[in-house]
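**Student:** For reference, the structure I am asking about is given below.
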Amino acid sequence: MSGPALYSAPSYELRLADGTPITLGPLAADDAARLGEAIGAMDPWRAYGYPASALTRMLTSHPEGAPRFAFNLEGAVVGAAIIHTSWLRGPYLQFLALLTDVQGRALGQTFLQWMEREARGAGERNLWVAVSEINTGATRFYERHGFTRVAELPDLAYDDRTEFLLRKRLS
């Protein structure tokens, strides 16, 4: 990475298109547990039988180079993201989930725009994400924001299911 370190500040203040502030910051363990329960009840995690306890463990782990972010909107934690900061000449968005009642408010779009700005500022070439074939809404969301399918990964997460690797080229 030739530019400044990716996602190195403890929190980021963003604004939705309507001016509503949103904070991306560290994810507290109690918020991770609450989100794990709520997200585990949503597809695609529910369809895969992914338990809330596993989601909570994933959200509370702290591997080097993979920060966890809480989405704080109007005083409440409403989602989470995990970014692997260095993967194939750009960051890989491992996880992005927003609670159902805040979907459609452009939080995901605002987050992707921020992620892209940070990656471009660090001189990265790509943004990456993988989505399950059953998560058609997520696939449409990423494609609407400039990602294209670059690979199909059959039987990656589960037998008889395909994951799609998507890339947004930055340079």
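The way I read the labels, and the way they are meant: chains A, B, ... in the order of the structure tokens, residue 1 as the first residue of every chain, and ligand 1 as the first ligand shown, with later ones counted on from there.
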Would you list the contacts of A:His145 as a PDB file with N, CA, C and O atoms, in the first residue's frame, taking every protein, DNA or RNA residue within 9 Å and counting only C-alpha atoms, but skipping same-chain residues closer than 5 positions in sequence?
**Tutor:**
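Below is the file that was written, selection-v3.pdb:
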```
ATOM      1  N   GLN A 109     -24.992   2.583   0.817  1.00  0.00           N
ATOM      2  CA  GLN A 109     -24.414   3.408  -0.240  1.00  0.00           C
ATOM      3  C   GLN A 109     -23.387   4.373   0.336  1.00  0.00           C
ATOM      4  O   GLN A 109     -22.284   4.512  -0.202  1.00  0.00           O
ATOM      5  N   LEU A 112     -20.247   2.423   1.258  1.00  0.00           N
ATOM      6  CA  LEU A 112     -19.432   2.058   0.096  1.00  0.00           C
ATOM      7  C   LEU A 112     -18.697   3.262  -0.479  1.00  0.00           C
ATOM      8  O   LEU A 112     -17.540   3.145  -0.892  1.00  0.00           O
ATOM      9  N   GLN A 113     -19.345   4.426  -0.500  1.00  0.00           N
ATOM     10  CA  GLN A 113     -18.680   5.634  -0.990  1.00  0.00           C
ATOM     11  C   GLN A 113     -17.491   5.995  -0.100  1.00  0.00           C
ATOM     12  O   GLN A 113     -16.420   6.356  -0.594  1.00  0.00           O
ATOM     13  N   ARG A 140     -27.649  -7.243  -6.410  1.00  0.00           N
ATOM     14  CA  ARG A 140     -28.150  -6.060  -7.129  1.00  0.00           C
ATOM     15  C   ARG A 140     -27.574  -4.775  -6.528  1.00  0.00           C
ATOM     16  O   ARG A 140     -27.187  -3.858  -7.255  1.00  0.00           O
ATOM     17  N   LYS A 168     -14.870  -4.001  -7.782  1.00  0.00           N
ATOM     18  CA  LYS A 168     -15.010  -2.657  -8.331  1.00  0.00           C
ATOM     19  C   LYS A 168     -13.602  -2.151  -8.578  1.00  0.00           C
ATOM     20  O   LYS A 168     -12.811  -2.016  -7.643  1.00  0.00           O
TER      21      LYS A 168
END
```
**Student:** Would you mind listing what lies within 8 Å of A:Leu98 as a JSON list (two decimals) with C-alpha atoms, in the first residue's frame, with only C-alpha atoms counted and same-chain residues fewer than 3 positions away left out?
**Tutor:**
```
[["chain", "number", "residue", "atom", "x", "y", "z"],
["A", 39, "ILE", "CA", -28.68, -10.58, 11.82],
["A", 78, "VAL", "CA", -27.97, -0.39, 13.52],
["A", 79, "GLY", "CA", -25.40, -2.47, 11.65],
["A", 80, "ALA", "CA", -21.85, -3.67, 11.33],
["A", 102, "VAL", "CA", -32.85, 1.07, 8.50],
["A", 103, "GLN", "CA", -32.41, -0.58, 5.12],
["A", 108, "GLY", "CA", -24.96, 0.99, 2.63]]
```
**Student:** Got a sec: who's within 9 Å of A:Ala29, counting only C-alpha atoms, leaving out chain neighbours fewer than 4 positions off, as an NGL selection string?
**Tutor:** :A and (33-34 or 56 or 59-60)
**Student:** Residues of the last selection are to be written out with all heavy atoms, as a PDB file, in the first residue's frame.
**Tutor:**
```
ATOM      1  N   ALA A  33     -23.280  -8.718  20.226  1.00  0.00           N
ATOM      2  CA  ALA A  33     -24.190  -9.800  20.628  1.00  0.00           C
ATOM      3  C   ALA A  33     -25.617  -9.505  20.176  1.00  0.00           C
ATOM      4  O   ALA A  33     -26.311 -10.386  19.645  1.00  0.00           O
ATOM      5  CB  ALA A  33     -24.133 -10.002  22.133  1.00  0.00           C
ATOM      6  N   ARG A  34     -26.065  -8.264  20.353  1.00  0.00           N
ATOM      7  CA  ARG A  34     -27.418  -7.885  19.933  1.00  0.00           C
ATOM      8  C   ARG A  34     -27.551  -7.977  18.412  1.00  0.00           C
ATOM      9  O   ARG A  34     -28.532  -8.513  17.887  1.00  0.00           O
ATOM     10  CB  ARG A  34     -27.722  -6.468  20.412  1.00  0.00           C
ATOM     11  CG  ARG A  34     -29.151  -6.012  20.165  1.00  0.00           C
ATOM     12  CD  ARG A  34     -29.392  -4.610  20.690  1.00  0.00           C
ATOM     13  NE  ARG A  34     -28.435  -3.618  20.228  1.00  0.00           N
ATOM     14  CZ  ARG A  34     -28.455  -3.059  19.001  1.00  0.00           C
ATOM     15  NH1 ARG A  34     -29.386  -3.390  18.142  1.00  0.00           N
ATOM     16  NH2 ARG A  34     -27.554  -2.165  18.675  1.00  0.00           N
ATOM     17  N   THR A  56     -21.800 -13.423  16.363  1.00  0.00           N
ATOM     18  CA  THR A  56     -21.273 -12.633  17.478  1.00  0.00           C
ATOM     19  C   THR A  56     -19.774 -12.858  17.629  1.00  0.00           C
ATOM     20  O   THR A  56     -19.009 -11.897  17.800  1.00  0.00           O
ATOM     21  CB  THR A  56     -22.010 -12.970  18.780  1.00  0.00           C
ATOM     22  OG1 THR A  56     -23.396 -12.657  18.595  1.00  0.00           O
ATOM     23  CG2 THR A  56     -21.456 -12.187  19.959  1.00  0.00           C
ATOM     24  N   LEU A  59     -17.987 -11.000  14.906  1.00  0.00           N
ATOM     25  CA  LEU A  59     -18.015  -9.544  15.108  1.00  0.00           C
ATOM     26  C   LEU A  59     -17.136  -9.092  16.270  1.00  0.00           C
ATOM     27  O   LEU A  59     -16.700  -7.944  16.297  1.00  0.00           O
ATOM     28  CB  LEU A  59     -19.455  -9.078  15.332  1.00  0.00           C
ATOM     29  CG  LEU A  59     -20.365  -9.166  14.106  1.00  0.00           C
ATOM     30  CD1 LEU A  59     -21.812  -8.901  14.497  1.00  0.00           C
ATOM     31  CD2 LEU A  59     -19.908  -8.209  13.017  1.00  0.00           C
ATOM     32  N   THR A  60     -16.870  -9.967  17.228  1.00  0.00           N
ATOM     33  CA  THR A  60     -16.074  -9.569  18.391  1.00  0.00           C
ATOM     34  C   THR A  60     -14.613  -9.984  18.294  1.00  0.00           C
ATOM     35  O   THR A  60     -13.818  -9.607  19.143  1.00  0.00           O
ATOM     36  CB  THR A  60     -16.663 -10.132  19.698  1.00  0.00           C
ATOM     37  OG1 THR A  60     -16.780 -11.545  19.592  1.00  0.00           O
ATOM     38  CG2 THR A  60     -18.007  -9.505  20.005  1.00  0.00           C
TER      39      THR A  60
END
```
**Student:** Determine the nearest neighbour of A:Glu37 from the options A:Thr136, A:Ser11, A:Ser53, A:Thr20, counting only C-alpha atoms.
**Tutor:**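 Nearest to A:Glu37: A:Ser53.
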**Student:** At what distance in Å, to one decimal, does atom CA of A:Leu127 lie from atom CA of A:Leu16?
**Tutor:**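 Distance between the two atoms: 20.9 Å.
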**Student:** Write down as a PyMOL selection string the residues belonging to stretch 8-170 of chain A that are assigned strand (DSSP E) by DSSP computed on the backbone.
**Tutor:** chain A and resi 12-15+21-25+68-73+76-84+92-98+126-132+148-154+162-169
**Student:** Those selected residues, please, written with N, CA and C atoms and delivered as a short mmCIF file (atom, residue, chain, number, x, y, z; two decimals), in the first residue's frame.
**Tutor:**
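For reference, out01.cif as written:
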```cif
data_model
loop_
_atom_site.label_atom_id
_atom_site.label_comp_id
_atom_site.auth_asym_id
_atom_site.auth_seq_id
_atom_site.Cartn_x
_atom_site.Cartn_y
_atom_site.Cartn_z
N TYR A 12 -15.35 7.44 12.31
CA TYR A 12 -15.53 8.30 11.14
C TYR A 12 -16.92 8.88 11.19
N GLU A 13 -17.02 10.16 10.92
CA GLU A 13 -18.32 10.83 10.85
C GLU A 13 -18.70 10.98 9.38
N LEU A 14 -19.82 10.40 9.00
CA LEU A 14 -20.33 10.46 7.64
C LEU A 14 -21.70 11.12 7.64
N ARG A 15 -22.16 11.49 6.47
CA ARG A 15 -23.50 12.07 6.33
C ARG A 15 -24.24 11.34 5.23
N PRO A 21 -26.49 12.50 10.20
CA PRO A 21 -25.15 12.00 10.53
C PRO A 21 -25.16 10.52 10.87
N ILE A 22 -24.09 9.86 10.50
CA ILE A 22 -23.87 8.47 10.87
C ILE A 22 -22.41 8.34 11.30
N THR A 23 -22.18 7.59 12.34
CA THR A 23 -20.83 7.37 12.83
C THR A 23 -20.45 5.92 12.61
N LEU A 24 -19.26 5.72 12.04
CA LEU A 24 -18.65 4.41 11.97
C LEU A 24 -17.61 4.38 13.06
N GLY A 25 -17.73 3.44 13.96
CA GLY A 25 -16.79 3.37 15.06
C GLY A 25 -16.59 1.95 15.53
N ARG A 68 -13.48 -4.03 12.61
CA ARG A 68 -14.93 -4.17 12.73
C ARG A 68 -15.50 -2.79 12.99
N PHE A 69 -16.58 -2.47 12.31
CA PHE A 69 -17.21 -1.16 12.47
C PHE A 69 -18.66 -1.32 12.89
N ALA A 70 -19.08 -0.46 13.79
CA ALA A 70 -20.49 -0.33 14.15
C ALA A 70 -21.04 0.87 13.39
N PHE A 71 -22.27 0.75 12.92
CA PHE A 71 -22.99 1.87 12.31
C PHE A 71 -23.87 2.46 13.40
N ASN A 72 -23.59 3.69 13.78
CA ASN A 72 -24.38 4.35 14.80
C ASN A 72 -25.22 5.43 14.12
N LEU A 73 -26.52 5.26 14.18
CA LEU A 73 -27.46 6.19 13.55
C LEU A 73 -28.44 6.66 14.61
N ALA A 76 -28.26 4.89 17.99
CA ALA A 76 -28.42 3.44 18.08
C ALA A 76 -27.48 2.74 17.10
N VAL A 77 -26.93 1.61 17.52
CA VAL A 77 -26.12 0.78 16.63
C VAL A 77 -27.07 -0.04 15.77
N VAL A 78 -26.99 0.19 14.45
CA VAL A 78 -27.97 -0.39 13.52
C VAL A 78 -27.34 -1.32 12.49
N GLY A 79 -26.05 -1.58 12.61
CA GLY A 79 -25.40 -2.47 11.65
C GLY A 79 -23.93 -2.59 11.94
N ALA A 80 -23.28 -3.43 11.15
CA ALA A 80 -21.85 -3.67 11.33
C ALA A 80 -21.21 -4.00 10.00
N ALA A 81 -19.90 -3.80 9.95
CA ALA A 81 -19.11 -4.15 8.76
C ALA A 81 -17.74 -4.65 9.21
N ILE A 82 -17.17 -5.52 8.38
CA ILE A 82 -15.81 -6.00 8.56
C ILE A 82 -15.09 -5.82 7.24
N ILE A 83 -13.93 -5.17 7.29
CA ILE A 83 -13.14 -4.93 6.09
C ILE A 83 -11.75 -5.54 6.29
N HIS A 84 -11.34 -6.39 5.36
CA HIS A 84 -9.95 -6.83 5.32
C HIS A 84 -9.21 -5.80 4.47
N TYR A 92 -11.16 -5.92 1.01
CA TYR A 92 -12.22 -6.90 0.82
C TYR A 92 -13.27 -6.68 1.91
N LEU A 93 -14.49 -6.41 1.50
CA LEU A 93 -15.60 -6.23 2.43
C LEU A 93 -16.13 -7.62 2.77
N GLN A 94 -15.73 -8.13 3.93
CA GLN A 94 -16.12 -9.47 4.34
C GLN A 94 -17.57 -9.52 4.81
N PHE A 95 -18.03 -8.44 5.42
CA PHE A 95 -19.33 -8.49 6.07
C PHE A 95 -19.93 -7.09 6.09
N LEU A 96 -21.18 -7.00 5.69
CA LEU A 96 -21.94 -5.76 5.81
C LEU A 96 -23.38 -6.17 6.08
N ALA A 97 -23.89 -5.74 7.22
CA ALA A 97 -25.27 -6.04 7.57
C ALA A 97 -25.89 -4.86 8.28
N LEU A 98 -27.07 -4.50 7.84
CA LEU A 98 -27.84 -3.42 8.46
C LEU A 98 -29.17 -3.98 8.91
N ASN A 126 -8.58 -1.79 -6.23
CA ASN A 126 -9.82 -2.56 -6.27
C ASN A 126 -10.58 -2.48 -4.96
N LEU A 127 -11.87 -2.71 -5.04
CA LEU A 127 -12.71 -3.07 -3.89
C LEU A 127 -13.26 -4.45 -4.20
N TRP A 128 -13.38 -5.29 -3.16
CA TRP A 128 -13.84 -6.66 -3.33
C TRP A 128 -14.97 -6.98 -2.37
N VAL A 129 -15.86 -7.87 -2.79
CA VAL A 129 -16.91 -8.40 -1.93
C VAL A 129 -17.36 -9.74 -2.53
N ALA A 130 -17.80 -10.64 -1.69
CA ALA A 130 -18.41 -11.90 -2.16
C ALA A 130 -19.84 -11.95 -1.65
N VAL A 131 -20.73 -12.45 -2.49
CA VAL A 131 -22.14 -12.58 -2.11
C VAL A 131 -22.64 -13.96 -2.49
N SER A 132 -23.59 -14.43 -1.73
CA SER A 132 -24.21 -15.71 -1.99
C SER A 132 -25.21 -15.58 -3.13
N THR A 148 -18.67 -5.62 -10.41
CA THR A 148 -18.99 -6.61 -11.44
C THR A 148 -18.53 -7.99 -10.97
N ARG A 149 -19.25 -9.00 -11.43
CA ARG A 149 -18.89 -10.38 -11.10
C ARG A 149 -17.60 -10.75 -11.83
N VAL A 150 -16.67 -11.27 -11.09
CA VAL A 150 -15.42 -11.70 -11.71
C VAL A 150 -15.17 -13.20 -11.53
N ALA A 151 -15.92 -13.84 -10.65
CA ALA A 151 -15.75 -15.28 -10.45
C ALA A 151 -16.97 -15.88 -9.77
N GLU A 152 -17.22 -17.13 -10.09
CA GLU A 152 -18.21 -17.93 -9.39
C GLU A 152 -17.44 -18.94 -8.57
N LEU A 153 -17.84 -19.11 -7.31
CA LEU A 153 -17.15 -20.00 -6.39
C LEU A 153 -18.14 -21.04 -5.87
N PRO A 154 -18.35 -22.12 -6.64
CA PRO A 154 -19.31 -23.13 -6.21
C PRO A 154 -18.82 -23.88 -4.97
N THR A 162 -23.53 -21.42 -4.60
CA THR A 162 -22.45 -20.69 -5.26
C THR A 162 -22.33 -19.30 -4.66
N GLU A 163 -21.11 -18.88 -4.47
CA GLU A 163 -20.82 -17.50 -4.06
C GLU A 163 -20.28 -16.79 -5.28
N PHE A 164 -20.55 -15.49 -5.38
CA PHE A 164 -20.02 -14.68 -6.46
C PHE A 164 -18.99 -13.72 -5.89
N LEU A 165 -17.83 -13.67 -6.51
CA LEU A 165 -16.82 -12.68 -6.15
C LEU A 165 -17.04 -11.48 -7.05
N LEU A 166 -17.21 -10.31 -6.43
CA LEU A 166 -17.43 -9.07 -7.18
C LEU A 166 -16.28 -8.12 -6.93
N ARG A 167 -15.98 -7.35 -7.94
CA ARG A 167 -14.87 -6.39 -7.88
C ARG A 167 -15.34 -5.05 -8.42
N LYS A 168 -14.87 -4.00 -7.78
CA LYS A 168 -15.01 -2.66 -8.33
C LYS A 168 -13.60 -2.15 -8.58
N ARG A 169 -13.30 -1.94 -9.81
CA ARG A 169 -11.96 -1.46 -10.18
C ARG A 169 -11.89 0.04 -9.92
#
```
**Student:** Which of these residues is nearest to A:Glu116, using only C-alpha atoms: A:Gly104, A:Pro91, A:Pro51, A:Thr139?
**Tutor:**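 Checking each of A:Gly104, A:Pro91, A:Pro51, A:Thr139 against A:Glu116, counting only C-alpha atoms, the winner is A:Pro91.
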**Student:** Figure out the distance between atom CA of A:Arg46 and atom CA of A:Trp87, please, to one decimal in Å.
**Tutor:**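 Calculated distance between atom CA of A:Trp87 and atom CA of A:Arg46 is 27.5 Å.
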**Student:** Could you work out how far atom CA of A:Arg161 lies from atom CA of A:Glu133, giving the answer in Å with one decimal?
**Tutor:**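 Spanning atom CA of A:Glu133 to atom CA of A:Arg161 is a straight-line distance of 6.9 Å.
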